[in-house]
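S.K.: Take a look at the following structure, please.
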Amino acid sequence: MSLLAVAVSGRGVVDPDEPVVFADDEGFLRGRGAFETLRVYGGRPFRLPDHVARLQSSATRLGLPPLDAGEIEVVAAQALAAAGAAEAFLRLYATPGREGGGRPVLLALVGAVPDDLEDLRARGLRLVSVGLGLDVSGSWPLAGVKSMSYAVNMMAVDEAKRHDGDDALFLAQGRIVLECPTSNIWWRRGSELHTPSLDLGILAGVTRAVIVESLPSLGYELQEGTYGVDELAGADEAFTSSSVREVMPAVSLDGEPIGDGTPGPAARALQEELRRCASSS
């Protein structure tokens, strides 16, 4: 990641090379913290209020002190102004601060968008399934929380790359499809678009919500539920959705093509609609 600017609550903009987190911050010691990542289009953060609300919700679930939406937006604005970038991504972090009663910390980081995304979009992702061993009939304390505890997610991506993949696909017990480490998963059968239900404890992606809103105008019918991996493997096309990668086609799973093994029409249409929504926001 090419870091363009950093802002810290109570301090404002700081040099990106300056240390800003104490060694005993609980975000570092225990991964007890929440974060959000969103795209910046034309210098404007896309769906910032939605991301702020989700950051507040995640922080509450993790037992952090209540976060003030106005303070989050101030820190975000400071970092964006310092970066001065029209196209970028914004990452927001909230931690409880230092162990033993420190002051909560808000961080805003602005980084450059990876320069390989359009090449990857043209080729499509190669997914590799990774079992989590979760029982979706039970409860998981961090279900739907965007926590800083991302070791499992990153290890899954590493596992996918060891098998010549680009990204991982998380499966629960019974080979139930959940999500990818940093994105939601979708697939198309005819005019129906399928995606796992939020009741499974997956992240309620903000880009996912934009897609749900857009489907009727594009002629697609939404189906949400509990699906085995064979449902995805036999689809006409598949794609993921996230703030940074946006709508990203997925062309294979575990070495086997999905559909004809090329990016499909739904992914292209939804990418165009997402950009239209961003330009008009």
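Naming scheme: A, B, ... for chains in displayed order of the structure tokens; residues 1 onward per chain; ligands 1 onward as shown.
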Can you check which parts of segment 189-249 of chain A lie within 10 Å of segment 120-127 of chain A? Per residue, the shortest pair of atoms and distance in Å to one decimal, counting only C-alpha atoms, sorted by chain and number, as JSON lines.
M.R.:
{"residue": "A:Ala238", "atom": "CA", "partner": "A:Leu125", "partner_atom": "CA", "distance": 9.4}
{"residue": "A:Phe239", "atom": "CA", "partner": "A:Leu125", "partner_atom": "CA", "distance": 8.1}
{"residue": "A:Thr240", "atom": "CA", "partner": "A:Leu125", "partner_atom": "CA", "distance": 8.8}
{"residue": "A:Arg245", "atom": "CA", "partner": "A:Arg121", "partner_atom": "CA", "distance": 8.5}
{"residue": "A:Glu246", "atom": "CA", "partner": "A:Arg121", "partner_atom": "CA", "distance": 9.5}
{"residue": "A:Val247", "atom": "CA", "partner": "A:Arg121", "partner_atom": "CA", "distance": 8.2}
{"residue": "A:Met248", "atom": "CA", "partner": "A:Arg121", "partner_atom": "CA", "distance": 5.6}
{"residue": "A:Pro249", "atom": "CA", "partner": "A:Gly124", "partner_atom": "CA", "distance": 4.8}
S.K.: Which of segment 54-159 of chain A counts as strand (DSSP E) under DSSP, as a CSV table (one decimal) with all heavy atoms, in the first residue's frame please?
M.R.:
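File produced: states.csv:
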chain,number,residue,atom,x,y,z
A,88,ALA,N,-8.6,7.3,-4.5
A,88,ALA,CA,-7.8,6.7,-3.5
A,88,ALA,C,-8.7,5.8,-2.7
A,88,ALA,O,-9.8,5.6,-3.1
A,88,ALA,CB,-7.2,7.8,-2.6
A,89,PHE,N,-8.1,5.3,-1.6
A,89,PHE,CA,-9.0,4.6,-0.6
A,89,PHE,C,-8.7,5.2,0.7
A,89,PHE,O,-7.6,5.6,1.0
A,89,PHE,CB,-8.9,3.1,-0.7
A,89,PHE,CG,-7.6,2.6,-0.1
A,89,PHE,CD1,-7.3,2.3,1.2
A,89,PHE,CD2,-6.5,2.2,-1.0
A,89,PHE,CE1,-6.1,1.9,1.7
A,89,PHE,CE2,-5.3,1.7,-0.5
A,89,PHE,CZ,-5.1,1.6,0.8
A,90,LEU,N,-9.8,5.2,1.6
A,90,LEU,CA,-9.7,5.7,2.9
A,90,LEU,C,-9.9,4.5,3.9
A,90,LEU,O,-10.9,3.8,3.8
A,90,LEU,CB,-10.8,6.7,3.1
A,90,LEU,CG,-11.0,7.2,4.6
A,90,LEU,CD1,-9.8,8.0,5.1
A,90,LEU,CD2,-12.3,8.1,4.6
A,91,ARG,N,-9.0,4.4,4.9
A,91,ARG,CA,-9.2,3.4,5.9
A,91,ARG,C,-9.3,4.0,7.2
A,91,ARG,O,-8.5,4.9,7.6
A,91,ARG,CB,-8.0,2.4,5.8
A,91,ARG,CG,-8.1,1.1,6.6
A,91,ARG,CD,-7.1,0.1,6.2
A,91,ARG,NE,-7.4,-0.5,5.0
A,91,ARG,CZ,-6.6,-1.1,4.2
A,91,ARG,NH1,-5.3,-1.2,4.5
A,91,ARG,NH2,-7.0,-1.7,3.0
A,92,LEU,N,-10.3,3.6,8.0
A,92,LEU,CA,-10.6,4.2,9.3
A,92,LEU,C,-10.4,3.1,10.4
A,92,LEU,O,-10.9,2.0,10.2
A,92,LEU,CB,-12.0,4.7,9.4
A,92,LEU,CG,-12.4,5.7,8.4
A,92,LEU,CD1,-13.9,5.9,8.4
A,92,LEU,CD2,-11.7,7.0,8.6
A,93,TYR,N,-9.7,3.4,11.4
A,93,TYR,CA,-9.4,2.5,12.5
A,93,TYR,C,-9.9,3.1,13.8
A,93,TYR,O,-9.8,4.3,14.1
A,93,TYR,CB,-7.9,2.2,12.7
A,93,TYR,CG,-7.3,1.4,11.6
A,93,TYR,CD1,-6.7,2.0,10.4
A,93,TYR,CD2,-7.3,0.0,11.6
A,93,TYR,CE1,-6.2,1.2,9.4
A,93,TYR,CE2,-6.8,-0.8,10.6
A,93,TYR,CZ,-6.2,-0.2,9.5
A,93,TYR,OH,-5.6,-0.9,8.5
A,94,ALA,N,-10.4,2.2,14.7
A,94,ALA,CA,-10.7,2.6,16.1
A,94,ALA,C,-10.2,1.6,17.0
A,94,ALA,O,-10.5,0.4,16.9
A,94,ALA,CB,-12.3,2.8,16.2
A,95,THR,N,-9.5,2.0,18.0
A,95,THR,CA,-9.0,1.1,19.1
A,95,THR,C,-9.3,1.6,20.4
A,95,THR,O,-9.6,2.8,20.6
A,95,THR,CB,-7.4,0.9,19.0
A,95,THR,OG1,-6.8,2.0,19.6
A,95,THR,CG2,-7.0,0.8,17.5
A,105,VAL,N,-8.5,5.6,20.3
A,105,VAL,CA,-7.7,6.2,19.2
A,105,VAL,C,-8.5,6.0,17.9
A,105,VAL,O,-9.0,4.9,17.7
A,105,VAL,CB,-6.4,5.5,19.1
A,105,VAL,CG1,-5.6,6.1,17.9
A,105,VAL,CG2,-5.5,5.8,20.4
A,106,LEU,N,-8.6,7.1,17.2
A,106,LEU,CA,-9.2,7.0,15.8
A,106,LEU,C,-8.0,7.3,14.8
A,106,LEU,O,-7.3,8.3,15.0
A,106,LEU,CB,-10.3,8.0,15.6
A,106,LEU,CG,-11.6,7.7,16.3
A,106,LEU,CD1,-12.6,8.9,16.1
A,106,LEU,CD2,-12.3,6.5,15.7
A,107,LEU,N,-7.9,6.5,13.8
A,107,LEU,CA,-6.9,6.8,12.8
A,107,LEU,C,-7.6,6.8,11.4
A,107,LEU,O,-8.5,6.0,11.2
A,107,LEU,CB,-5.9,5.7,12.7
A,107,LEU,CG,-5.0,5.4,14.0
A,107,LEU,CD1,-4.3,4.1,13.8
A,107,LEU,CD2,-4.1,6.6,14.2
A,108,ALA,N,-7.1,7.7,10.6
A,108,ALA,CA,-7.6,7.8,9.2
A,108,ALA,C,-6.4,7.7,8.3
A,108,ALA,O,-5.5,8.5,8.4
A,108,ALA,CB,-8.4,9.0,8.9
A,109,LEU,N,-6.3,6.7,7.4
A,109,LEU,CA,-5.2,6.5,6.4
A,109,LEU,C,-5.8,6.6,5.0
A,109,LEU,O,-6.8,6.0,4.7
A,109,LEU,CB,-4.6,5.1,6.6
A,109,LEU,CG,-3.7,4.8,7.8
A,109,LEU,CD1,-4.4,4.9,9.1
A,109,LEU,CD2,-3.1,3.4,7.7
A,110,VAL,N,-5.1,7.4,4.2
A,110,VAL,CA,-5.4,7.5,2.8
A,110,VAL,C,-4.3,6.8,2.0
A,110,VAL,O,-3.1,7.1,2.2
A,110,VAL,CB,-5.6,8.9,2.3
A,110,VAL,CG1,-6.0,9.0,0.9
A,110,VAL,CG2,-6.7,9.6,3.2
A,111,GLY,N,-4.7,5.9,1.1
A,111,GLY,CA,-3.7,5.2,0.3
A,111,GLY,C,-4.0,5.2,-1.2
A,111,GLY,O,-5.2,5.5,-1.5
A,125,LEU,N,-10.8,-13.2,-11.1
A,125,LEU,CA,-10.1,-13.9,-9.9
A,125,LEU,C,-10.2,-15.4,-10.0
A,125,LEU,O,-11.2,-16.0,-10.5
A,125,LEU,CB,-10.8,-13.5,-8.6
A,125,LEU,CG,-10.8,-12.1,-8.1
A,125,LEU,CD1,-11.7,-11.9,-7.0
A,125,LEU,CD2,-9.3,-11.7,-7.8
A,126,ARG,N,-9.1,-16.0,-9.6
A,126,ARG,CA,-9.1,-17.5,-9.4
A,126,ARG,C,-9.3,-17.7,-7.9
A,126,ARG,O,-8.4,-17.4,-7.1
A,126,ARG,CB,-7.8,-18.0,-9.9
A,126,ARG,CG,-7.5,-17.8,-11.4
A,126,ARG,CD,-6.1,-18.0,-11.8
A,126,ARG,NE,-5.2,-17.1,-11.1
A,126,ARG,CZ,-3.9,-16.9,-11.4
A,126,ARG,NH1,-3.4,-17.6,-12.3
A,126,ARG,NH2,-3.2,-16.1,-10.7
A,127,LEU,N,-10.4,-18.3,-7.5
A,127,LEU,CA,-10.7,-18.5,-6.1
A,127,LEU,C,-10.3,-19.9,-5.7
A,127,LEU,O,-10.3,-20.9,-6.5
A,127,LEU,CB,-12.2,-18.4,-5.9
A,127,LEU,CG,-12.8,-17.0,-6.2
A,127,LEU,CD1,-14.3,-17.1,-5.9
A,127,LEU,CD2,-12.2,-15.9,-5.4
A,128,VAL,N,-9.9,-20.0,-4.4
A,128,VAL,CA,-9.5,-21.3,-3.8
A,128,VAL,C,-10.3,-21.4,-2.5
A,128,VAL,O,-10.3,-20.5,-1.7
A,128,VAL,CB,-8.0,-21.4,-3.5
A,128,VAL,CG1,-7.7,-22.7,-2.7
A,128,VAL,CG2,-7.2,-21.3,-4.8
A,129,SER,N,-11.1,-22.5,-2.4
A,129,SER,CA,-11.9,-22.7,-1.2
A,129,SER,C,-11.1,-23.0,0.0
A,129,SER,O,-10.1,-23.8,0.0
A,129,SER,CB,-13.0,-23.7,-1.4
A,129,SER,OG,-12.4,-25.0,-1.7
A,130,VAL,N,-11.4,-22.4,1.2
A,130,VAL,CA,-10.7,-22.6,2.4
A,130,VAL,C,-11.8,-22.9,3.5
A,130,VAL,O,-12.6,-22.0,3.7
A,130,VAL,CB,-9.9,-21.4,2.8
A,130,VAL,CG1,-9.2,-21.6,4.2
A,130,VAL,CG2,-8.8,-21.2,1.8
A,131,GLY,N,-11.8,-24.0,4.1
A,131,GLY,CA,-12.7,-24.4,5.2
A,131,GLY,C,-12.4,-23.7,6.5
A,131,GLY,O,-11.3,-23.7,6.9
S.K.: Kindly indicate which residue among A:Leu203, A:Asp230, A:Gly261, A:Tyr41 lies nearest to Ser147 of chain A, using only C-alpha atoms for the distances.
M.R.: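 Answer, going by the shortest atom-to-atom distance: A:Leu203.
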S.K.: So which one's closest to Arg44 of chain A, A:Ala151, A:Leu67, A:Ser241, A:Ala81? Using only C-alpha atoms, please.
M.R.: A:Ala81
S.K.: What lies within 12 Å of Val210 of chain A using only C-alpha atoms, ignoring chain neighbours under 3 positions off, as a count of residues only?
M.R.: 25
S.K.: Let's see if you can do this: from backbone DSSP, list all alpha helix (DSSP H) residues in segment 26-232 of chain A, as a count of residues only.
M.R.: 70
S.K.: In terms of the shortest atom-to-atom distance over only C-alpha atoms, which of A:Ala86, A:Ala209, A:Leu232, A:Ala34 is closest to Leu64 of chain A?
M.R.: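 Of A:Ala86, A:Ala209, A:Leu232, A:Ala34, the one nearest Leu64 of chain A is A:Ala34, counting only C-alpha atoms.
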